[in-house]
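Enquirer: Compact mmCIF, C-alpha atoms, file start14.txt:
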```txt
# COMPACT_ATOMS: atom_id res chain seq x y z
CA MET A 1 -77.16 187.91 -103.19
CA ASP A 2 -75.86 188.52 -106.73
CA VAL A 3 -74.19 191.91 -107.28
CA ARG A 4 -73.14 192.96 -110.79
CA SER A 5 -70.49 195.56 -111.64
CA ASP A 6 -68.23 196.54 -114.49
CA VAL A 7 -65.16 195.71 -112.37
CA LEU A 8 -64.64 193.66 -109.22
CA VAL A 9 -61.64 194.69 -107.12
CA ILE A 10 -60.53 192.01 -104.65
CA GLY A 11 -58.44 193.50 -101.86
CA GLY A 12 -58.92 196.75 -99.97
CA GLY A 13 -55.36 197.85 -99.32
CA LEU A 14 -53.97 201.05 -100.79
CA VAL A 15 -53.64 199.50 -104.26
CA GLY A 16 -57.17 198.10 -104.38
CA SER A 17 -58.79 201.14 -102.78
CA SER A 18 -57.03 203.62 -105.05
CA ALA A 19 -57.79 201.45 -108.10
CA ALA A 20 -61.49 201.47 -107.14
CA PHE A 21 -61.34 205.26 -106.78
CA PHE A 22 -59.67 205.81 -110.16
CA LEU A 23 -61.99 203.33 -111.88
CA ARG A 24 -64.93 205.39 -110.64
CA GLN A 25 -63.21 208.51 -111.98
CA ARG A 26 -63.36 206.76 -115.35
CA GLY A 27 -67.08 206.09 -114.98
CA LEU A 28 -66.93 202.34 -114.38
CA ALA A 29 -69.23 200.62 -111.87
CA VAL A 30 -66.99 199.12 -109.19
CA THR A 31 -67.40 196.70 -106.31
CA LEU A 32 -64.47 196.34 -103.90
CA LEU A 33 -64.32 193.25 -101.66
CA GLU A 34 -62.09 193.28 -98.58
CA ARG A 35 -61.62 190.20 -96.41
CA GLU A 36 -61.54 192.19 -93.14
CA ARG A 37 -61.01 195.99 -92.98
CA VAL A 38 -59.67 198.30 -95.66
CA GLY A 39 -56.06 199.33 -95.10
CA ARG A 40 -55.67 196.81 -92.29
CA GLN A 41 -52.52 194.93 -93.24
CA ALA A 42 -49.38 195.94 -95.19
CA SER A 43 -50.93 199.19 -96.41
CA GLY A 44 -51.60 200.34 -92.86
CA THR A 45 -48.68 198.90 -90.93
CA ASN A 46 -45.69 199.92 -93.06
CA PHE A 47 -43.17 202.72 -92.54
CA GLY A 48 -44.93 205.35 -94.65
CA ASN A 49 -42.08 206.11 -97.04
CA VAL A 50 -42.90 207.94 -100.26
CA ARG A 51 -39.62 207.45 -102.07
CA ARG A 52 -38.44 206.93 -105.61
CA GLN A 53 -34.66 206.57 -105.32
CA GLY A 54 -33.03 203.28 -104.44
CA ARG A 55 -35.47 201.27 -106.57
CA ALA A 56 -34.81 199.02 -109.52
CA LEU A 57 -34.71 201.23 -112.62
CA GLU A 58 -37.77 199.51 -114.06
CA GLN A 59 -39.82 200.84 -111.13
CA ILE A 60 -38.85 204.51 -111.53
CA PRO A 61 -41.55 205.47 -114.09
CA LEU A 62 -44.20 203.89 -111.85
CA ALA A 63 -42.76 205.65 -108.80
CA ASN A 64 -42.77 208.97 -110.69
CA ARG A 65 -46.44 208.51 -111.52
CA ALA A 66 -47.20 207.63 -107.93
CA ARG A 67 -45.43 210.77 -106.71
CA VAL A 68 -47.72 212.87 -108.91
CA VAL A 69 -50.74 211.21 -107.30
CA TRP A 70 -49.33 211.73 -103.80
CA GLY A 71 -48.96 215.42 -104.58
CA ARG A 72 -52.67 215.59 -105.49
CA ALA A 73 -53.92 213.10 -102.91
CA GLN A 74 -55.52 215.53 -100.49
CA ALA A 75 -57.43 217.24 -103.29
CA LEU A 76 -58.44 213.91 -104.79
CA VAL A 77 -59.79 212.22 -101.67
CA GLY A 78 -60.73 215.29 -99.63
CA GLU A 79 -58.71 214.20 -96.60
CA ASP A 80 -55.25 214.95 -95.21
CA LEU A 81 -53.03 211.87 -95.56
CA GLU A 82 -50.19 213.69 -93.79
CA PHE A 83 -48.07 213.59 -96.92
CA GLU A 84 -44.94 215.61 -96.13
CA PRO A 85 -42.75 216.26 -99.21
CA LEU A 86 -39.70 216.93 -97.06
CA GLY A 87 -37.36 214.72 -99.06
CA HIS A 88 -35.86 211.25 -98.87
CA LEU A 89 -32.18 210.87 -97.94
CA ARG A 90 -30.16 207.68 -98.38
CA VAL A 91 -26.90 207.52 -96.47
CA GLY A 92 -23.96 205.14 -96.61
CA TRP A 93 -21.05 204.06 -94.44
CA THR A 94 -18.52 203.20 -97.17
CA ASP A 95 -16.82 204.58 -100.27
CA GLU A 96 -18.44 201.73 -102.23
CA ARG A 97 -21.85 203.21 -101.32
CA ALA A 98 -20.66 206.59 -102.52
CA ALA A 99 -19.78 205.14 -105.93
CA SER A 100 -23.14 203.35 -106.17
CA PHE A 101 -25.00 206.56 -105.26
CA GLU A 102 -23.23 208.44 -108.03
CA GLN A 103 -24.08 205.73 -110.56
CA HIS A 104 -27.71 205.56 -109.45
CA ALA A 105 -28.04 209.33 -109.79
CA ARG A 106 -26.77 209.12 -113.37
CA ASP A 107 -29.08 206.22 -114.20
CA VAL A 108 -32.30 207.75 -112.87
CA ARG A 109 -31.69 211.22 -114.32
CA ALA A 110 -32.64 209.88 -117.73
CA LEU A 111 -35.89 208.60 -116.17
CA GLY A 112 -36.90 211.97 -114.81
CA LEU A 113 -35.61 211.75 -111.25
CA GLU A 114 -33.04 214.29 -110.07
CA LEU A 115 -30.90 213.37 -107.06
CA GLU A 116 -28.28 215.34 -105.16
CA VAL A 117 -25.28 213.36 -103.94
CA LEU A 118 -23.74 214.82 -100.77
CA GLY A 119 -20.32 214.14 -99.30
CA ARG A 120 -19.44 213.87 -95.62
CA GLU A 121 -18.80 217.60 -95.19
CA GLN A 122 -21.98 218.58 -97.02
CA LEU A 123 -24.04 216.21 -94.84
CA ALA A 124 -22.51 217.65 -91.70
CA GLU A 125 -23.09 221.22 -92.82
CA ARG A 126 -26.67 220.67 -93.95
CA TYR A 127 -27.93 218.31 -91.23
CA GLY A 128 -25.35 218.08 -88.43
CA LEU A 129 -26.97 214.85 -87.36
CA PHE A 130 -25.14 211.76 -88.52
CA ALA A 131 -22.24 209.84 -87.00
CA PRO A 132 -18.80 210.69 -88.46
CA GLY A 133 -18.66 207.27 -90.12
CA ILE A 134 -21.37 208.24 -92.63
CA VAL A 135 -19.49 209.26 -95.75
CA VAL A 136 -22.20 209.91 -98.36
CA GLY A 137 -25.82 210.85 -98.83
CA SER A 138 -28.23 210.91 -101.75
CA LEU A 139 -31.14 213.33 -101.50
CA SER A 140 -34.38 213.08 -103.45
CA PRO A 141 -35.78 216.47 -102.42
CA ARG A 142 -39.40 216.11 -103.61
CA ASP A 143 -40.11 212.78 -101.93
CA GLY A 144 -41.12 212.34 -98.31
CA HIS A 145 -43.53 210.35 -96.17
CA ALA A 146 -47.23 209.95 -95.38
CA ASN A 147 -49.37 208.28 -92.73
CA PRO A 148 -50.10 204.67 -93.71
CA ARG A 149 -52.95 204.37 -91.22
CA LEU A 150 -54.83 207.09 -93.11
CA ALA A 151 -54.08 206.50 -96.79
CA GLY A 152 -55.86 203.25 -97.68
CA PRO A 153 -59.07 203.97 -95.74
CA ALA A 154 -59.20 207.51 -97.18
CA PHE A 155 -59.04 206.22 -100.76
CA ALA A 156 -61.72 203.62 -99.91
CA ARG A 157 -64.00 206.32 -98.47
CA ALA A 158 -63.41 208.51 -101.52
CA ALA A 159 -64.23 205.57 -103.81
CA ARG A 160 -67.46 204.97 -101.86
CA ARG A 161 -68.42 208.64 -102.07
CA ALA A 162 -67.78 208.46 -105.83
CA GLY A 163 -70.24 205.57 -106.11
CA ALA A 164 -68.20 202.40 -105.61
CA GLU A 165 -69.55 199.57 -103.49
CA VAL A 166 -66.95 198.93 -100.76
CA ILE A 167 -67.77 195.75 -98.86
CA GLU A 168 -65.72 194.67 -95.84
CA ASP A 169 -65.80 191.26 -94.13
CA ALA A 170 -66.08 189.70 -97.59
CA GLU A 171 -63.36 187.06 -97.89
CA VAL A 172 -63.27 185.63 -101.41
CA ALA A 173 -63.22 181.85 -101.65
CA HIS A 174 -63.74 181.14 -105.33
CA ILE A 175 -63.31 182.89 -108.68
CA ALA A 176 -64.80 181.44 -111.86
CA ARG A 177 -64.89 182.68 -115.44
CA THR A 178 -68.37 182.53 -116.95
CA GLY A 179 -67.67 182.90 -120.63
CA SER A 180 -69.03 186.05 -122.22
CA GLU A 181 -70.48 187.26 -118.89
CA GLY A 182 -67.05 187.69 -117.30
CA TYR A 183 -66.42 186.52 -113.74
CA VAL A 184 -68.36 185.34 -110.75
CA VAL A 185 -66.77 185.64 -107.33
CA GLU A 186 -68.11 183.85 -104.27
CA THR A 187 -67.27 184.77 -100.68
CA ARG A 188 -66.91 182.31 -97.82
CA ASP A 189 -70.27 183.36 -96.39
CA GLY A 190 -72.10 182.54 -99.62
CA ARG A 191 -72.43 185.91 -101.34
CA SER A 192 -71.96 186.13 -105.09
CA PHE A 193 -70.60 189.00 -107.20
CA ARG A 194 -70.35 189.29 -110.99
CA ALA A 195 -68.38 191.56 -113.28
CA ALA A 196 -66.97 191.64 -116.78
CA ARG A 197 -63.51 192.46 -115.43
CA LEU A 198 -61.61 191.72 -112.26
CA LEU A 199 -58.56 193.07 -110.40
CA LEU A 200 -56.84 190.90 -107.81
CA ALA A 201 -54.92 193.05 -105.30
CA CYS A 202 -54.79 191.00 -102.10
CA GLY A 203 -51.15 191.42 -101.17
CA ALA A 204 -49.82 188.41 -99.28
CA TRP A 205 -53.20 186.66 -99.70
CA SER A 206 -53.06 186.73 -103.50
CA GLN A 207 -51.37 183.39 -104.28
CA PRO A 208 -54.34 180.98 -104.04
CA LEU A 209 -56.69 183.35 -105.86
CA ALA A 210 -54.10 184.04 -108.57
CA ALA A 211 -53.88 180.26 -109.05
CA GLN A 212 -57.61 180.24 -109.77
CA LEU A 213 -56.82 182.68 -112.59
CA GLY A 214 -54.12 180.36 -113.91
CA GLU A 215 -51.17 182.32 -112.53
CA GLN A 216 -48.62 180.34 -110.48
CA VAL A 217 -46.99 183.09 -108.44
CA VAL A 218 -45.43 182.09 -105.12
CA ILE A 219 -45.85 184.64 -102.31
CA GLU A 220 -44.07 184.50 -98.97
CA ALA A 221 -45.55 186.33 -95.98
CA ARG A 222 -43.12 188.40 -93.91
CA GLY A 223 -43.60 190.82 -91.03
CA PRO A 224 -41.85 194.22 -90.99
CA GLN A 225 -40.34 195.14 -87.64
CA MET A 226 -41.59 198.61 -86.80
CA GLY A 227 -41.15 200.86 -83.77
CA VAL A 228 -41.58 204.43 -82.59
CA THR A 229 -39.84 206.48 -79.92
CA GLU A 230 -41.09 209.10 -77.52
CA PRO A 231 -41.26 212.66 -78.90
CA LEU A 232 -37.76 214.11 -79.36
CA PRO A 233 -36.54 217.60 -80.23
CA TRP A 234 -37.00 218.24 -83.94
CA ALA A 235 -33.92 217.03 -85.81
CA ILE A 236 -34.64 216.32 -89.51
CA GLY A 237 -37.34 216.55 -92.14
CA PRO A 238 -36.42 213.98 -94.83
CA SER A 239 -37.01 210.27 -94.37
CA ILE A 240 -33.67 208.50 -93.88
CA GLY A 241 -32.61 205.12 -95.22
CA VAL A 242 -29.24 203.41 -94.73
CA SER A 243 -28.01 201.79 -97.92
CA THR A 244 -25.86 198.78 -97.07
CA PRO A 245 -25.32 195.15 -98.09
CA VAL A 246 -25.29 194.23 -94.38
CA LYS A 247 -28.83 193.21 -93.42
CA ARG A 248 -28.71 194.32 -89.79
CA GLU A 249 -27.52 197.81 -90.82
CA GLY A 250 -30.47 198.40 -93.13
CA LEU A 251 -32.26 200.89 -90.89
CA TYR A 252 -34.74 203.54 -91.99
CA PHE A 253 -36.41 206.24 -89.94
CA ARG A 254 -38.44 209.43 -90.13
CA GLN A 255 -39.41 212.06 -87.62
CA VAL A 256 -43.03 213.20 -87.50
CA ARG A 257 -44.12 216.72 -86.59
CA ARG A 258 -44.86 215.69 -83.00
CA GLY A 259 -41.20 214.69 -82.64
CA ASN A 260 -41.59 210.92 -82.51
CA VAL A 261 -39.08 208.91 -84.53
CA VAL A 262 -40.66 206.06 -86.51
CA PHE A 263 -38.18 203.37 -87.53
CA GLY A 264 -37.91 199.99 -89.22
CA GLY A 265 -35.62 197.91 -91.41
CA GLY A 266 -33.17 195.12 -90.82
CA TYR A 267 -34.63 191.65 -90.43
CA HIS A 268 -38.23 190.53 -90.86
CA GLY A 269 -40.33 188.62 -88.36
CA PRO A 270 -42.76 185.73 -88.86
CA ALA A 271 -46.14 186.41 -90.46
CA SER A 272 -49.12 184.22 -91.35
CA THR A 273 -51.89 184.65 -93.90
CA GLU A 274 -53.87 181.97 -92.05
CA THR A 275 -54.10 183.97 -88.83
CA GLY A 276 -53.52 187.43 -90.30
CA LEU A 277 -50.96 188.05 -87.59
CA ALA A 278 -47.30 189.09 -87.65
CA GLN A 279 -44.81 189.14 -84.82
CA VAL A 280 -42.21 191.65 -83.69
CA LEU A 281 -39.16 189.84 -82.34
CA PRO A 282 -37.42 191.64 -79.44
CA GLN A 283 -33.94 190.93 -80.77
CA HIS A 284 -34.83 192.73 -83.99
CA THR A 285 -36.09 195.79 -82.14
CA LEU A 286 -32.94 195.88 -80.03
CA GLY A 287 -30.84 195.65 -83.18
CA GLN A 288 -32.75 198.52 -84.78
CA LEU A 289 -32.30 200.71 -81.71
CA HIS A 290 -28.58 199.94 -81.75
CA GLU A 291 -28.33 201.01 -85.39
CA LEU A 292 -30.45 204.13 -84.79
CA ARG A 293 -28.17 205.25 -81.95
CA ARG A 294 -25.08 204.36 -83.97
CA LEU A 295 -26.34 206.42 -86.93
CA VAL A 296 -27.64 209.40 -84.93
CA PRO A 297 -25.73 209.81 -81.64
CA ARG A 298 -28.19 212.41 -80.32
CA PHE A 299 -30.85 209.68 -80.24
CA ALA A 300 -28.78 207.62 -77.79
CA GLN A 301 -31.22 208.12 -74.92
CA ALA A 302 -34.43 207.84 -76.97
CA GLN A 303 -37.08 205.71 -75.27
CA LEU A 304 -39.13 203.18 -77.20
CA ILE A 305 -42.91 203.49 -76.73
CA ARG A 306 -44.46 201.05 -79.21
CA VAL A 307 -43.70 198.28 -81.73
CA TRP A 308 -45.90 196.71 -84.40
CA SER A 309 -45.92 194.60 -87.55
CA GLY A 310 -48.22 193.48 -90.37
CA VAL A 311 -48.39 190.88 -93.13
CA GLU A 312 -46.45 191.77 -96.28
CA GLY A 313 -46.16 189.66 -99.44
CA TYR A 314 -42.81 188.90 -101.13
CA THR A 315 -42.34 187.29 -104.53
CA THR A 316 -39.51 184.88 -105.26
CA ASP A 317 -37.74 187.37 -107.53
CA LEU A 318 -38.53 190.38 -105.30
CA ARG A 319 -40.36 192.17 -108.13
CA PRO A 320 -44.00 193.24 -108.18
CA VAL A 321 -46.68 191.39 -110.12
CA MET A 322 -48.79 193.76 -112.22
CA GLY A 323 -50.80 193.54 -115.40
CA ALA A 324 -53.12 191.31 -117.38
CA THR A 325 -53.36 187.61 -116.64
CA GLY A 326 -53.74 184.93 -119.28
CA LEU A 327 -57.55 185.20 -118.96
CA PRO A 328 -59.47 187.98 -120.71
CA GLY A 329 -60.50 190.76 -118.38
CA ALA A 330 -58.57 189.52 -115.34
CA TYR A 331 -55.77 191.64 -113.89
CA VAL A 332 -53.41 191.46 -110.91
CA ALA A 333 -51.43 193.92 -108.79
CA PHE A 334 -49.63 192.48 -105.75
CA GLY A 335 -46.25 191.32 -104.46
CA PHE A 336 -44.65 194.71 -103.80
CA CYS A 337 -42.17 193.19 -101.37
CA GLY A 338 -42.40 195.77 -98.62
CA GLU A 339 -41.96 198.69 -101.05
CA GLY A 340 -45.56 199.17 -102.16
CA PHE A 341 -46.84 202.04 -100.03
CA ALA A 342 -45.08 204.73 -102.05
CA LEU A 343 -46.16 203.08 -105.29
CA GLY A 344 -49.71 202.26 -104.17
CA PRO A 345 -51.75 205.20 -105.51
CA GLY A 346 -49.76 205.13 -108.75
CA VAL A 347 -50.43 201.42 -109.12
CA GLY A 348 -54.14 202.05 -108.60
CA ASP A 349 -54.08 204.78 -111.25
CA VAL A 350 -52.16 202.59 -113.73
CA MET A 351 -54.41 199.58 -113.20
CA ALA A 352 -57.55 201.67 -113.67
CA GLU A 353 -56.12 202.99 -116.94
CA LEU A 354 -55.15 199.48 -118.08
CA ILE A 355 -58.54 197.98 -117.20
CA ASP A 356 -60.42 200.83 -118.86
CA THR A 357 -58.37 201.25 -122.04
CA GLY A 358 -56.32 198.07 -122.42
CA ARG A 359 -53.04 199.94 -122.15
CA SER A 360 -51.00 202.06 -119.77
CA GLU A 361 -48.86 205.11 -120.46
CA THR A 362 -46.53 203.92 -117.69
CA PRO A 363 -44.42 200.87 -118.66
CA ILE A 364 -45.21 197.85 -116.48
CA GLU A 365 -44.21 194.98 -118.78
CA ALA A 366 -41.34 193.99 -116.47
CA PHE A 367 -43.89 193.13 -113.76
CA SER A 368 -46.13 190.89 -115.86
CA PRO A 369 -47.31 187.64 -114.23
CA ALA A 370 -46.34 185.93 -117.49
CA ARG A 371 -42.75 185.61 -116.19
CA PHE A 372 -43.89 182.87 -113.79
CA ARG A 373 -45.65 180.77 -116.41
CA SER A 374 -43.89 177.55 -117.34
```
Go ahead and render the structure in this file as structure tokens.
Expert:
Amino acid sequence: MDVRSDVLVIGGGLVGSSAAFFLRQRGLAVTLLERERVGRQASGTNFGNVRRQGRALEQIPLANRARVVWGRAQALVGEDLEFEPLGHLRVGWTDERAASFEQHARDVRALGLELEVLGREQLAERYGLFAPGIVVGSLSPRDGHANPRLAGPAFARAARRAGAEVIEDAEVAHIARTGSEGYVVETRDGRSFRAARLLLACGAWSQPLAAQLGEQVVIEARGPQMGVTEPLPWAIGPSIGVSTPVKREGLYFRQVRRGNVVFGGGYHGPASTETGLAQVLPQHTLGQLHELRRLVPRFAQAQLIRVWSGVEGYTTDLRPVMGATGLPGAYVAFGFCGEGFALGPGVGDVMAELIDTGRSETPIEAFSPARFRS
């Protein structure tokens, strides 16, 4: 079997699936190869945050672009991804957090993101939810959350309907450059695929394939610790994140329309790219429940109904890897360090633009794989 395309996309998470979709929108013939099922790992097992605030400043333009795509997602893919633009609210326990929120609001305003910083009294008046120890909040009113189980597969289906070849159970073993013909990719079961250009977007599985493209990026696999409660009386619309230098306090949660509270944060658990499995550690879940009840006293009696994890990829400098490699026609987009869901459709849009035109209107130079070259 020898399949030829304009672009090969390796990896069927939200980044790869959306990139395949946007490449088809640009008229390019696309084949997407996914080692198991589209949207199976980090793209489908994360918290579902669609947030822009709280990021490194270099990520804000990319996050802004992604937010535009999220706002159009249902029209683009023809499916409801349960995107709820109900806002994203960061809260803090200390006056130091209050000062940092004020500074962040000033910094991102110049990048097109407007935030509203709220004091203790304003938080109490508007939400009436948080423990008295919370002294500050920062609201990004147009952000929100979506359903990670739906997003990646929906973009993959939309790409297929638009004419892309989406092939699951196609684990890539070898990538080779074939001179003027571009690239040949071989899967472990002996299939062969050719294209002039290639995008590597395999998340935590990207390191060995990136090495075949000459890029020495180290990726560590980690497992988010996720849980969900029974349905509770409706309490709040925005997604909530606790901003703190104390790891165990780093809780985030959101309430879905059915009333369930989805939560995560704090410490990571073990994860393996060899087995594709990640583990939820009971002590982490207990710590998260403690912080949830500490933050929101009315959740004190909430009952846990399910926990889960997935395999996420973290770079050594905790920054994404995006852009052209040192080889002509080969591109990468991975290493989003647990913060990639919100960015995912924007990354796919940017990479499609870069692959098609050789440039991107959104600045991504800070994420270039060139920073790891010796």
Enquirer: Ranking A:Arg371, A:Arg51, A:Arg359, A:Arg40 by minimum distance to Ala146 in chain A and counting all atoms listed in the file, which one comes first?
Expert: A:Arg51
Enquirer: By how many Å are CA of Ile219 in chain A and CA of Arg4 in chain A apart?
Expert: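 Between CA of Ile219 in chain A and CA of Arg4 in chain A the gap works out to 29.8 Å.
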Enquirer: At what distance in Å, to one decimal, does CA of Val185 in chain A lie from CA of Gly338 in chain A?
Expert: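 Between these atoms lies a distance of 27.8 Å.
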Enquirer: Kindly give the distance, in Å, that separates CA of Val347 in chain A and CA of Leu327 in chain A, rounded to a single decimal.
Expert: 20.3 Å
Enquirer: Tell me, as a list in words, which residues lie within 8 Å of Arg254 in chain A, counting only C-alpha atoms; anything in the same chain fewer than 6 positions away does not count.
Expert: His145, Ile236, Gly237, Pro238, Ser239, Ile240, Val261, Val262 and Phe263 of chain A
Enquirer: Which residue, A:Pro245, A:Pro153, A:Pro208, A:Gly27, has the smallest gap to Arg97 in chain A when you use all atoms listed in the file?
Expert: A:Pro245
Enquirer: So which one's closest to Leu354 in chain A, A:Arg197, A:Arg160, A:Arg52, A:Arg109? Using only C-alpha atoms, please.
Expert: A:Arg197
Enquirer: Rank A:Thr178, A:Tyr252, A:Ala19, A:Leu295 by their smallest atom-to-atom distance to Val135 in chain A, using all atoms listed in the file, and report the top residue only.
Expert: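 Looking only at the distances to Val135 in chain A, the closest residue turns out to be A:Leu295.
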Enquirer: When you look at Val246 in chain A with a cut-off of 12 Å (counting all atoms listed in the file), what residues show up, excluding the ones that are within fewer than 3 positions of it in the same chain? I need them as a PDB file with C-alpha atoms, in the coordinates of the input.
Expert:
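Final file, selection36.pdb:
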```
ATOM      1  CA  GLY A  92     -23.960 205.140 -96.610  1.00  0.00           C
ATOM      2  CA  TRP A  93     -21.050 204.060 -94.440  1.00  0.00           C
ATOM      3  CA  THR A  94     -18.520 203.200 -97.170  1.00  0.00           C
ATOM      4  CA  ARG A  97     -21.850 203.210-101.320  1.00  0.00           C
ATOM      5  CA  VAL A 242     -29.240 203.410 -94.730  1.00  0.00           C
ATOM      6  CA  SER A 243     -28.010 201.790 -97.920  1.00  0.00           C
ATOM      7  CA  GLU A 249     -27.520 197.810 -90.820  1.00  0.00           C
ATOM      8  CA  GLY A 250     -30.470 198.400 -93.130  1.00  0.00           C
ATOM      9  CA  LEU A 251     -32.260 200.890 -90.890  1.00  0.00           C
ATOM     10  CA  GLY A 265     -35.620 197.910 -91.410  1.00  0.00           C
ATOM     11  CA  GLY A 266     -33.170 195.120 -90.820  1.00  0.00           C
ATOM     12  CA  TYR A 267     -34.630 191.650 -90.430  1.00  0.00           C
ATOM     13  CA  GLU A 291     -28.330 201.010 -85.390  1.00  0.00           C
TER      14      GLU A 291
END
```
Enquirer: For a quick check of understanding, using all atoms listed in the file, which of A:Leu62, A:Leu14, A:Leu150, A:Val9 has the smallest distance to Glu361 in chain A?
Expert: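 Once distances to Glu361 in chain A are computed over all atoms listed in the file, the minimum belongs to A:Leu62.
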Enquirer: Name all residues at most 12 Å from range 312-317 of chain A (count only C-alpha atoms; drop same-chain ones fewer than 4 positions away) and give them as a PyMOL selection string.
Expert: chain A and resi 13+40-46+201-207+216-225+268-273+276-279+321-322+333-341+366-367+369+371-372
Enquirer: Quick one: residues within 12 Å of Gln103 in chain A, only C-alpha atoms counted, chain neighbours fewer than 3 positions away excluded, as a ChimeraX atom specification?
Expert: /A:53-54,57,96-100,106-110,115-117,138
Enquirer: May I have the protein, DNA and RNA residues with an atom at most 6 Å from (-41.5, 204.9, -80.9), counting only C-alpha atoms in the file's coordinates, returned as a short mmCIF file (atom, residue, chain, number, x, y, z; two decimals) with C-alpha atoms, in the coordinates of the input?
Expert:
```cif
data_model
loop_
_atom_site.label_atom_id
_atom_site.label_comp_id
_atom_site.auth_asym_id
_atom_site.auth_seq_id
_atom_site.Cartn_x
_atom_site.Cartn_y
_atom_site.Cartn_z
CA GLY A 227 -41.15 200.86 -83.77
CA VAL A 228 -41.58 204.43 -82.59
CA THR A 229 -39.84 206.48 -79.92
CA GLU A 230 -41.09 209.10 -77.52
CA VAL A 261 -39.08 208.91 -84.53
CA VAL A 262 -40.66 206.06 -86.51
CA LEU A 304 -39.13 203.18 -77.20
CA ILE A 305 -42.91 203.49 -76.73
CA ARG A 306 -44.46 201.05 -79.21
#
```
